[in-house]
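The structure file upload_33.cif is reproduced below (mmCIF, C-alpha atoms (C1' of nucleotides)).
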data_my_file
loop_
_atom_site.label_atom_id
_atom_site.label_comp_id
_atom_site.auth_asym_id
_atom_site.auth_seq_id
_atom_site.Cartn_x
_atom_site.Cartn_y
_atom_site.Cartn_z
CA MET F 1 6.83 -0.99 35.23
CA ALA F 2 9.59 -3.03 33.78
CA ARG F 3 10.83 -1.97 30.40
CA SER F 4 8.50 0.97 30.19
CA LYS F 5 11.38 3.25 29.33
CA ALA F 6 10.94 2.63 25.64
CA LYS F 7 7.25 3.15 26.03
CA GLU F 8 7.57 6.41 27.82
CA GLU F 9 10.00 7.67 25.29
CA ARG F 10 7.72 6.65 22.46
CA GLN F 11 4.82 8.40 24.09
CA GLN F 12 6.85 11.53 24.42
CA ARG F 13 7.73 11.33 20.76
CA LEU F 14 4.10 10.75 19.94
CA ARG F 15 3.16 13.86 21.85
CA ALA F 16 5.81 15.84 20.10
CA LEU F 17 4.78 14.57 16.70
CA LEU F 18 1.20 15.58 17.25
CA GLU F 19 2.28 18.86 18.72
CA ASP F 20 3.67 20.04 15.47
CA ASP F 21 1.30 18.19 13.23
CA PRO F 22 -2.02 17.33 14.78
CA PHE F 23 -3.28 16.03 11.46
CA MET F 24 -1.50 12.72 11.49
CA THR F 25 -3.54 9.54 11.45
CA ASP F 26 -2.71 6.64 13.72
CA GLU F 27 -1.29 4.90 10.71
CA ASP F 28 1.07 7.77 9.98
CA LEU F 29 2.16 7.78 13.58
CA ALA F 30 2.60 4.04 13.65
CA SER F 31 4.95 4.06 10.71
CA LYS F 32 6.88 7.01 12.09
CA LEU F 33 7.35 5.36 15.45
CA HIS F 34 7.85 1.86 14.04
CA VAL F 35 5.13 0.27 16.08
CA SER F 36 1.74 -1.06 15.20
CA VAL F 37 -1.37 1.02 14.85
CA GLN F 38 -2.83 -0.62 17.93
CA THR F 39 0.08 0.48 20.03
CA ILE F 40 -0.50 4.02 18.91
CA ARG F 41 -4.12 3.74 19.91
CA LEU F 42 -3.19 2.44 23.33
CA ASP F 43 -0.67 5.22 23.73
CA ARG F 44 -3.24 7.79 22.76
CA MET F 45 -5.59 6.32 25.32
CA GLU F 46 -3.00 6.53 28.04
CA LEU F 47 -2.13 10.07 27.13
CA SER F 48 -5.80 10.80 26.61
CA ILE F 49 -5.20 12.24 23.21
CA PRO F 50 -8.39 12.13 21.17
CA GLU F 51 -8.57 10.71 17.68
CA LEU F 52 -7.69 12.66 14.59
CA ARG F 53 -11.22 13.75 13.84
CA GLU F 54 -11.80 14.99 17.33
CA ARG F 55 -8.51 16.78 17.30
CA THR F 56 -9.17 18.56 14.06
CA LYS F 57 -12.72 19.29 15.07
CA HIS F 58 -11.57 20.79 18.31
CA LEU F 59 -8.86 22.74 16.57
CA ALA F 60 -11.30 24.03 14.02
CA GLU F 61 -13.91 24.91 16.59
CA THR F 62 -11.66 26.79 18.93
CA THR F 63 -9.77 28.58 16.21
CA TYR F 64 -13.00 29.29 14.42
CA ALA F 65 -14.19 31.17 17.46
CA GLN F 66 -10.76 32.76 17.71
CA ILE F 67 -10.63 33.85 14.19
CA ARG F 68 -13.96 35.49 14.71
CA SER F 69 -12.98 37.17 17.91
CA VAL F 70 -9.27 37.67 17.77
CA SER F 71 -8.51 38.03 14.17
CA GLY F 72 -11.70 38.10 12.19
CA GLY F 73 -14.23 40.01 14.21
CA GLU F 74 -14.67 43.64 13.44
CA VAL F 75 -13.77 44.53 16.97
CA ILE F 76 -11.19 42.84 19.14
CA GLY F 77 -12.72 42.31 22.52
CA GLU F 78 -16.32 43.02 23.33
CA LEU F 79 -17.76 46.49 23.01
CA THR F 80 -19.46 47.51 26.20
CA ASP F 81 -20.56 50.96 25.26
CA ILE F 82 -19.96 53.39 22.50
CA VAL F 83 -20.89 56.91 21.52
CA LEU F 84 -19.79 57.55 17.95
CA GLU F 85 -17.23 60.30 17.57
CA LYS F 86 -17.06 60.58 21.34
CA SER F 87 -16.02 57.62 23.43
CA GLY F 88 -16.36 53.91 23.94
CA SER F 89 -15.02 50.96 25.82
CA SER F 90 -14.42 47.30 25.37
CA ILE F 91 -13.39 44.28 27.37
CA LEU F 92 -10.89 41.74 26.17
CA VAL F 93 -10.69 38.42 27.93
CA THR F 94 -7.23 37.14 27.28
CA SER F 95 -6.66 33.49 26.62
CA ASP F 96 -3.75 31.08 26.41
CA GLU F 97 -3.18 31.53 22.73
CA MET F 98 -2.59 35.22 23.20
CA GLY F 99 0.38 34.82 25.45
CA PHE F 100 3.93 33.63 25.33
CA LYS F 101 4.03 30.05 26.40
CA LYS F 102 7.04 30.59 28.57
CA THR F 103 5.87 33.53 30.56
CA GLY F 104 2.12 33.71 30.23
CA ILE F 105 2.49 37.33 29.26
CA VAL F 106 0.07 38.45 26.62
CA ARG F 107 1.70 39.54 23.39
CA GLY F 108 1.60 43.28 23.06
CA HIS F 109 -0.19 43.25 19.79
CA HIS F 110 -3.34 41.83 21.33
CA VAL F 111 -3.59 44.76 23.66
CA PHE F 112 -2.73 47.03 20.79
CA ALA F 113 -5.36 45.36 18.65
CA GLN F 114 -8.04 45.95 21.22
CA GLY F 115 -7.17 49.62 21.43
CA ASN F 116 -6.82 49.96 17.70
CA SER F 117 -10.12 48.37 16.86
CA LEU F 118 -11.88 50.31 19.55
CA ALA F 119 -10.48 53.53 18.16
CA ILE F 120 -11.67 52.57 14.71
CA ALA F 121 -15.10 51.63 15.97
CA LEU F 122 -15.56 55.16 17.22
CA ILE F 123 -15.28 56.69 13.81
CA ASP F 124 -18.51 57.43 12.04
CA ALA F 125 -17.45 56.72 8.47
CA PRO F 126 -17.96 53.91 5.96
CA VAL F 127 -14.33 52.95 6.24
CA ALA F 128 -11.84 53.87 8.91
CA LEU F 129 -8.13 53.22 9.01
CA THR F 130 -5.37 53.83 11.46
CA ALA F 131 -2.79 56.27 10.25
CA ARG F 132 -0.52 56.59 13.25
CA ALA F 133 -0.26 55.30 16.73
CA GLU F 134 1.87 56.00 19.73
CA VAL F 135 1.53 53.43 22.44
CA LYS F 136 3.03 52.53 25.78
CA PHE F 137 2.86 49.14 27.38
CA ILE F 138 3.01 50.06 31.02
CA LYS F 139 2.63 46.73 32.75
CA PRO F 140 2.57 43.24 31.39
CA VAL F 141 -0.83 41.64 30.90
CA PHE F 142 -1.12 38.03 31.89
CA VAL F 143 -3.08 35.31 30.25
CA GLY F 144 -6.49 35.21 31.85
CA ASP F 145 -6.58 38.92 32.64
CA ARG F 146 -9.58 40.92 31.57
CA VAL F 147 -8.46 44.08 29.88
CA PHE F 148 -10.78 47.08 30.01
CA ALA F 149 -10.07 49.59 27.30
CA LYS F 150 -11.54 53.05 27.29
CA ALA F 151 -11.24 55.32 24.29
CA VAL F 152 -11.99 59.00 23.99
CA VAL F 153 -11.94 61.06 20.82
CA GLN F 154 -9.70 64.03 21.41
CA SER F 155 -9.89 66.17 18.33
CA GLY F 156 -12.56 64.92 16.01
CA SER F 157 -12.34 66.74 12.72
CA GLY F 158 -14.54 64.34 10.78
CA ASP F 159 -12.10 62.51 8.60
CA ARG F 160 -9.11 62.64 10.89
CA CYS F 161 -9.51 61.94 14.57
CA LYS F 162 -7.14 61.61 17.41
CA VAL F 163 -8.28 58.96 19.83
CA ALA F 164 -6.82 58.34 23.26
CA VAL F 165 -7.01 54.85 24.67
CA GLU F 166 -6.30 53.68 28.16
CA SER F 167 -6.46 50.03 29.11
CA ARG F 168 -6.61 48.69 32.61
CA VAL F 169 -6.49 45.34 34.33
CA GLY F 170 -8.27 45.86 37.60
CA ASP F 171 -6.94 49.17 38.87
CA ASN F 172 -3.68 49.00 37.02
CA VAL F 173 -3.21 50.90 33.83
CA VAL F 174 -1.41 48.50 31.54
CA PHE F 175 -1.52 50.36 28.28
CA VAL F 176 -2.01 53.85 26.96
CA GLY F 177 -2.10 54.87 23.36
CA GLU F 178 -2.94 57.62 20.99
CA PHE F 179 -4.33 56.63 17.64
CA VAL F 180 -4.80 58.84 14.66
CA VAL F 181 -7.64 57.39 12.67
CA VAL F 182 -8.88 58.53 9.30
CA GLY F 183 -12.37 57.98 8.02
CA LEU F 184 -12.90 57.44 4.32
CA GLU F 185 -15.98 57.66 2.15
CA GLU F 186 -14.80 55.25 -0.46
CA THR F 187 -12.64 52.20 -0.45
CA PRO F 188 -9.18 52.70 -1.84
CA HIS F 189 -8.08 49.87 -4.04
CA PRO F 190 -4.77 48.17 -4.72
CA MET W 1 -35.47 24.12 -15.29
CA ALA W 2 -39.06 23.90 -14.27
CA ARG W 3 -39.70 24.04 -10.57
CA SER W 4 -36.10 24.66 -9.69
CA LYS W 5 -37.11 27.70 -7.67
CA ALA W 6 -37.56 25.63 -4.55
CA LYS W 7 -34.27 23.93 -5.20
CA GLU W 8 -32.38 27.13 -5.65
CA GLU W 9 -33.85 28.56 -2.52
CA ARG W 10 -33.00 25.46 -0.57
CA GLN W 11 -29.45 25.59 -1.83
CA GLN W 12 -29.17 29.17 -0.73
CA ARG W 13 -30.41 28.21 2.69
CA LEU W 14 -27.96 25.36 2.77
CA ARG W 15 -25.14 27.74 2.00
CA ALA W 16 -26.29 30.10 4.67
CA LEU W 17 -26.59 27.35 7.24
CA LEU W 18 -23.07 26.17 6.61
CA GLU W 19 -21.83 29.72 6.57
CA ASP W 20 -22.60 30.22 10.20
CA ASP W 21 -22.06 26.67 11.29
CA PRO W 22 -19.73 24.67 9.12
CA PHE W 23 -19.90 21.77 11.54
CA MET W 24 -23.28 20.43 10.54
CA THR W 25 -23.56 16.93 9.17
CA ASP W 26 -25.68 16.14 6.14
CA GLU W 27 -28.20 14.64 8.50
CA ASP W 28 -28.46 17.83 10.49
CA LEU W 29 -28.89 19.79 7.32
CA ALA W 30 -31.46 17.37 5.99
CA SER W 31 -33.67 17.70 9.02
CA LYS W 32 -33.28 21.47 9.05
CA LEU W 33 -34.26 21.77 5.42
CA HIS W 34 -36.88 19.04 5.53
CA VAL W 35 -35.43 17.03 2.72
CA SER W 36 -33.62 13.73 2.60
CA VAL W 37 -29.96 13.28 3.26
CA GLN W 38 -29.44 12.35 -0.37
CA THR W 39 -30.84 15.64 -1.52
CA ILE W 40 -28.41 17.43 0.71
CA ARG W 41 -25.57 15.44 -0.81
CA LEU W 42 -26.70 16.30 -4.31
CA ASP W 43 -26.99 19.94 -3.36
CA ARG W 44 -23.53 19.95 -1.87
CA MET W 45 -22.25 18.41 -5.08
CA GLU W 46 -23.86 21.07 -7.17
CA LEU W 47 -22.56 23.80 -4.96
CA SER W 48 -19.26 21.98 -4.69
CA ILE W 49 -19.26 22.15 -0.95
CA PRO W 50 -17.01 19.47 0.46
CA GLU W 51 -18.11 17.06 3.14
CA LEU W 52 -18.02 17.86 6.82
CA ARG W 53 -14.67 16.29 7.45
CA GLU W 54 -13.04 18.13 4.61
CA ARG W 55 -14.60 21.36 5.75
CA THR W 56 -13.41 21.03 9.30
CA LYS W 57 -10.05 19.82 8.18
CA HIS W 58 -9.65 22.79 5.91
CA LEU W 59 -10.82 25.14 8.61
CA ALA W 60 -8.48 23.61 11.11
CA GLU W 61 -5.56 23.63 8.74
CA THR W 62 -5.88 27.21 7.67
CA THR W 63 -6.60 28.46 11.13
CA TYR W 64 -3.89 26.27 12.55
CA ALA W 65 -1.40 28.13 10.43
CA GLN W 66 -3.09 31.28 11.66
CA ILE W 67 -2.96 30.39 15.27
CA ARG W 68 0.69 29.84 14.80
CA SER W 69 1.24 32.97 12.84
CA VAL W 70 -1.38 35.39 14.01
CA SER W 71 -2.11 34.53 17.52
CA GLY W 72 -0.10 31.63 18.81
CA GLY W 73 3.26 31.49 17.17
CA GLU W 74 6.19 33.20 18.75
CA VAL W 75 6.69 35.27 15.66
CA ILE W 76 4.03 36.72 13.44
CA GLY W 77 4.98 36.07 9.88
CA GLU W 78 7.95 33.98 8.85
CA LEU W 79 11.45 34.94 9.84
CA THR W 80 13.68 35.09 6.83
CA ASP W 81 16.88 36.13 8.49
CA ILE W 82 17.99 37.39 11.81
CA VAL W 83 21.11 38.59 13.52
CA LEU W 84 20.48 38.92 17.23
CA GLU W 85 20.81 42.43 18.57
CA LYS W 86 21.36 43.66 15.05
CA SER W 87 18.71 43.14 12.42
CA GLY W 88 16.21 40.75 10.98
CA SER W 89 13.33 40.43 8.59
CA SER W 90 10.14 38.53 8.16
CA ILE W 91 7.44 37.94 5.61
CA LEU W 92 3.77 37.97 6.43
CA VAL W 93 1.36 36.53 3.93
CA THR W 94 -1.93 38.20 4.62
CA SER W 95 -5.12 36.23 4.36
CA ASP W 96 -8.83 36.87 4.29
CA GLU W 97 -9.32 36.63 8.00
CA MET W 98 -6.87 39.44 8.59
CA GLY W 99 -8.84 42.02 6.69
CA PHE W 100 -12.05 43.91 6.92
CA LYS W 101 -14.66 42.04 4.97
CA LYS W 102 -15.99 45.18 3.41
CA THR W 103 -12.79 46.62 2.10
CA GLY W 104 -10.25 43.83 2.01
CA ILE W 105 -7.89 46.08 3.90
CA VAL W 106 -5.77 44.28 6.44
CA ARG W 107 -6.39 45.39 10.02
CA GLY W 108 -3.57 47.53 11.25
CA HIS W 109 -2.79 45.34 14.18
CA HIS W 110 -1.63 42.51 11.98
CA VAL W 111 0.98 44.69 10.43
CA PHE W 112 1.80 46.02 13.85
CA ALA W 113 2.01 42.48 15.20
CA GLN W 114 4.50 41.47 12.55
CA GLY W 115 6.71 44.43 13.37
CA ASN W 116 6.31 43.97 17.09
CA SER W 117 7.17 40.30 17.12
CA LEU W 118 10.09 40.84 14.80
CA ALA W 119 11.42 43.51 17.11
CA ILE W 120 11.09 41.17 20.06
CA ALA W 121 12.75 38.33 18.21
CA LEU W 122 15.85 40.45 17.81
CA ILE W 123 16.41 40.74 21.51
CA ASP W 124 18.87 38.33 23.04
CA ALA W 125 17.23 37.80 26.41
CA PRO W 126 15.16 35.07 28.05
CA VAL W 127 12.11 37.30 27.98
CA ALA W 128 11.50 40.40 25.93
CA LEU W 129 8.59 42.80 26.11
CA THR W 130 7.57 45.85 24.21
CA ALA W 131 7.56 48.98 26.29
CA ARG W 132 6.69 51.62 23.74
CA ALA W 133 5.93 51.89 20.11
CA GLU W 134 5.42 54.67 17.66
CA VAL W 135 4.03 53.52 14.37
CA LYS W 136 2.77 54.92 11.11
CA PHE W 137 0.54 53.12 8.69
CA ILE W 138 1.54 54.71 5.46
CA LYS W 139 -0.52 52.81 2.93
CA PRO W 140 -3.26 50.29 3.36
CA VAL W 141 -2.28 46.65 3.03
CA PHE W 142 -4.70 44.46 1.12
CA VAL W 143 -5.66 40.93 1.80
CA GLY W 144 -3.32 38.70 -0.16
CA ASP W 145 -0.40 41.10 -0.01
CA ARG W 146 2.94 39.82 1.18
CA VAL W 147 4.38 42.16 3.73
CA PHE W 148 8.15 42.29 4.08
CA ALA W 149 9.25 43.68 7.39
CA LYS W 150 12.81 44.70 8.09
CA ALA W 151 13.97 45.56 11.57
CA VAL W 152 17.18 47.17 12.70
CA VAL W 153 18.33 47.66 16.26
CA GLN W 154 19.17 51.32 16.69
CA SER W 155 20.57 51.71 20.15
CA GLY W 156 21.09 48.37 21.78
CA SER W 157 21.91 48.78 25.42
CA GLY W 158 21.30 45.21 26.41
CA ASP W 159 18.11 45.39 28.36
CA ARG W 160 16.53 48.28 26.54
CA CYS W 161 16.70 48.47 22.78
CA LYS W 162 15.23 50.77 20.24
CA VAL W 163 14.26 48.88 17.11
CA ALA W 164 13.23 50.47 13.83
CA VAL W 165 10.92 48.54 11.59
CA GLU W 166 9.98 49.22 8.02
CA SER W 167 7.46 47.11 6.18
CA ARG W 168 6.95 47.03 2.47
CA VAL W 169 4.56 45.50 0.00
CA GLY W 170 6.48 45.29 -3.21
CA ASP W 171 8.24 48.64 -3.49
CA ASN W 172 5.79 50.53 -1.35
CA VAL W 173 6.54 51.25 2.24
CA VAL W 174 3.30 50.55 4.05
CA PHE W 175 4.39 50.81 7.64
CA VAL W 176 7.18 52.23 9.72
CA GLY W 177 7.57 51.90 13.42
CA GLU W 178 9.91 52.37 16.29
CA PHE W 179 9.68 49.88 19.10
CA VAL W 180 11.31 50.13 22.46
CA VAL W 181 11.84 46.62 23.68
CA VAL W 182 13.10 45.56 27.06
CA GLY W 183 14.81 42.30 27.77
CA LEU W 184 14.32 40.62 31.12
CA GLU W 185 16.25 37.92 32.90
CA GLU W 186 13.37 36.65 34.93
CA THR W 187 9.68 36.41 34.43
CA PRO W 188 7.64 38.95 36.29
CA HIS W 189 4.53 37.48 37.83
CA PRO W 190 1.04 38.77 38.43
"C1'" DC O 1 -49.53 11.07 -21.90
"C1'" DT O 2 -44.85 11.36 -22.32
"C1'" DG O 3 -40.33 13.18 -21.34
"C1'" DT O 4 -37.50 15.67 -18.16
"C1'" DC O 5 -36.17 17.30 -13.86
"C1'" DT O 6 -36.03 16.47 -9.01
"C1'" DT O 7 -36.20 13.80 -5.09
"C1'" DT O 8 -35.71 9.67 -2.51
"C1'" DG O 9 -34.14 5.07 -1.43
"C1'" DT O 10 -30.95 1.21 -1.60
"C1'" DG O 11 -26.77 -1.29 -1.41
"C1'" DA O 12 -21.77 -1.52 -1.66
"C1'" DC O 13 -17.70 0.64 -0.16
"C1'" DC O 14 -14.17 3.63 2.45
"C1'" DA O 15 -11.40 6.06 6.20
"C1'" DG O 16 -10.41 6.40 10.64
"C1'" DG O 17 -11.54 5.40 14.16
"C1'" DT O 18 -13.93 2.52 18.90
"C1'" DC O 19 -14.17 -1.61 21.90
"C1'" DC O 20 -13.14 -6.22 23.05
"C1'" DT O 21 -10.76 -10.58 23.10
"C1'" DA O 22 -6.75 -13.21 22.51
"C1'" DA O 23 -2.24 -14.58 21.51
"C1'" DG O 24 2.95 -13.64 21.53
"C1'" DA O 25 7.04 -11.19 23.19
"C1'" DT O 26 9.78 -9.68 26.84
"C1'" DG O 27 10.61 -8.96 30.95
"C1'" DT O 28 11.20 -9.65 36.56
"C1'" DT O 29 11.10 -12.43 40.51
"C1'" DG O 30 10.09 -16.40 43.88
"C1'" DC R 1 13.44 -22.59 35.72
"C1'" DA R 2 8.64 -21.72 36.15
"C1'" DA R 3 5.23 -18.37 37.03
"C1'" DC R 4 3.55 -13.97 36.63
"C1'" DA R 5 3.19 -9.16 34.87
"C1'" DT R 6 3.56 -5.97 31.39
"C1'" DC R 7 3.77 -4.68 26.54
"C1'" DT R 8 2.81 -5.29 21.96
"C1'" DT R 9 0.40 -6.98 18.10
"C1'" DA R 10 -3.43 -9.02 15.78
"C1'" DG R 11 -8.26 -9.78 14.59
"C1'" DG R 12 -13.13 -9.05 14.33
"C1'" DA R 13 -17.41 -6.49 15.13
"C1'" DC R 14 -19.24 -1.99 15.10
"C1'" DC R 15 -19.74 3.26 14.37
"C1'" DT R 16 -19.94 7.80 11.80
"C1'" DG R 17 -20.11 10.43 8.00
"C1'" DG R 18 -19.40 10.23 4.22
"C1'" DT R 19 -18.65 8.33 -1.40
"C1'" DC R 20 -20.56 6.30 -5.75
"C1'" DA R 21 -23.86 4.12 -8.74
"C1'" DC R 22 -28.27 2.74 -9.88
"C1'" DA R 23 -33.21 2.45 -9.56
"C1'" DA R 24 -37.60 4.22 -8.81
"C1'" DA R 25 -41.17 7.39 -7.58
"C1'" DG R 26 -43.24 12.27 -7.93
"C1'" DA R 27 -44.06 16.69 -10.15
"C1'" DC R 28 -45.07 19.23 -13.90
"C1'" DA R 29 -44.74 21.37 -18.76
"C1'" DG R 30 -45.41 20.67 -23.48
#

Final structure tokens representation of the file:
Amino acid sequence: MARSKAKEERQQRLRALLEDDPFMTDEDLASKLHVSVQTIRLDRMELSIPELRERTKHLAETTYAQIRSVSGGEVIGELTDIVLEKSGSSILVTSDEMGFKKTGIVRGHHVFAQGNSLAIALIDAPVALTARAEVKFIKPVFVGDRVFAKAVVQSGSGDRCKVAVESRVGDNVVFVGEFVVVGLEETPHP
Amino acid sequence: MARSKAKEERQQRLRALLEDDPFMTDEDLASKLHVSVQTIRLDRMELSIPELRERTKHLAETTYAQIRSVSGGEVIGELTDIVLEKSGSSILVTSDEMGFKKTGIVRGHHVFAQGNSLAIALIDAPVALTARAEVKFIKPVFVGDRVFAKAVVQSGSGDRCKVAVESRVGDNVVFVGEFVVVGLEETPHP
DNA sequence: CTGTCTTTGTGACCAGGTCCTAAGATGTTG
DNA sequence: CAACATCTTAGGACCTGGTCACAAAGACAG
């Protein structure tokens, strides 16, 4: 372990470089770090960083699932039961990406999103949109927690419903909200 | 254009296959469709579907931006200016994945998320969490719209701030919200 | 039967790697 | 100083999942 200081530093830099741009080839990295391509490969080995294609593939795969479940799916979380215009519930398994790195606390909007999409799912209309919401984040949710949301339609007058949502982690209520959701027959356009 | 019926059908199937699994190689596709690899390549050409690596790269790139802006980044949208404990603004460029497929209307929680994270960014504390929020979705936001959010701290008593957010698309106010954000010195733990 | 479309095969090439071997460079230490 | 260890660099063979170009076989309508 003689002059491995330079090496360690370089490997740190390599890590950092890939952190904010995982799409760099070994060649790119080599020229940035002023070493040969082979050195980069060795460094990657030591740090067990996979090659570009694996990285991008992994990225694409995980975020593809994400984008379907967190951002793209029609419902955030998994619906466990639902009675249209009445009540429903869903479970959201929180993952790393949903939280603040520093604290492991899940960003509020994920919990909100679960409640919001659950509320919308309850509406029996071609298109449903949220008009208003009043929410309280009672306790922080931590990455890894399973959030159980339960929604009940309060006053369901067809095209304008008030939906109450309560989310729990275990026995603790972490979130309560009231969503006013409107159902539409036709799509409005820009 | 004689017996191109089979071809057209195959190309439709190819499209469909890639739709729900963009990670298939030409070889995979060839065996699934019972044609040669070359045929698959020709079909991809005709349909101008890029090769696997380009597909995954594209997927990864777009969703990478997403995971930074929708789910992973510390701030949803891009901060344009900020004065701690005072005011700030951000721009969110909405994309396909953020909206309902059917209507092209952006899910409320994305707009909420932008406001929420902007509100949190304004707080000058090691950790900030949303305690309460009262929001109104005034007009639907459509996929492709650029949402400008502006946040102003109303009553900033250090560890508990009220932040008002107003989001616009062009001249139209699409969202207003009031967030109560608390700043913490230490991280709470589960 | 001939011309056209479609399909398949072949060979050369490329990027961005892997793995392995080997030779220099730059130490540290007996 | 010589001997040894650790890094670094280089080179060649190989892999995957493609590209491009070109040839040839099969199907089928006119």

Find the residues of chain R that sit at most 12 Å from chain W; for each, write down the nearest two atoms and how far apart they are in Å, to one decimal. Count all atoms listed in the file. Sort by chain, then by number going up, and give it as a tab-separated table.
residue	atom	partner	partner_atom	distance
R:DT16	C1'	W:Thr25	CA	10.2
R:DG17	C1'	W:Thr25	CA	7.5
R:DG18	C1'	W:Glu51	CA	7.0
R:DT19	C1'	W:Glu51	CA	9.9
R:DC20	C1'	W:Arg41	CA	11.5
R:DA27	C1'	W:Arg3	CA	8.6
R:DC28	C1'	W:Ala2	CA	7.6
R:DA29	C1'	W:Ala2	CA	7.7
R:DG30	C1'	W:Ala2	CA	11.6

Next on the checklist: I'd like the residues picked by the PyMOL selection byres ((chain R and resi 25) around 9) written out as a ChimeraX atom specification, using the chain letters and numbers from the file.
Outcome noted: /O:7-8 /R:24,26

Item to check | Test item: chain O residues at most 12 Å from chain W, counting all atoms listed in the file, as a PyMOL selection string | outcome: chain O and resi 4-10+15-16

Checklist entry - How close is chain F to chain W in C-alpha RMSD after a least-squares fit, all Cα atoms in order? => result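 Per the least-squares fit, the RMSD is 1.2 Å.
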
Item to check | Residues returned when the PyMOL selection byres ((chain R and resi 11) around 10) runs on this file, as a ChimeraX atom specification | outcome: /O:21-22 /R:9-10,12-13

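Put simply, CA of Asp145 (chain W) is 9.8 Å away from CA of Arg168 (chain W).
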
Item to check | d(C1' of DG24 (chain O), C1' of DC4 (chain R)) in Å | outcome: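 According to the coordinates, C1' of DG24 (chain O) and C1' of DC4 (chain R) are separated by 15.1 Å.
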
Next on the checklist: I'd like to know which of W:Ala164, W:Val176, W:Ala133, W:Leu33 is closest to chain F, using all atoms listed in the file.
Outcome noted: W:Ala133
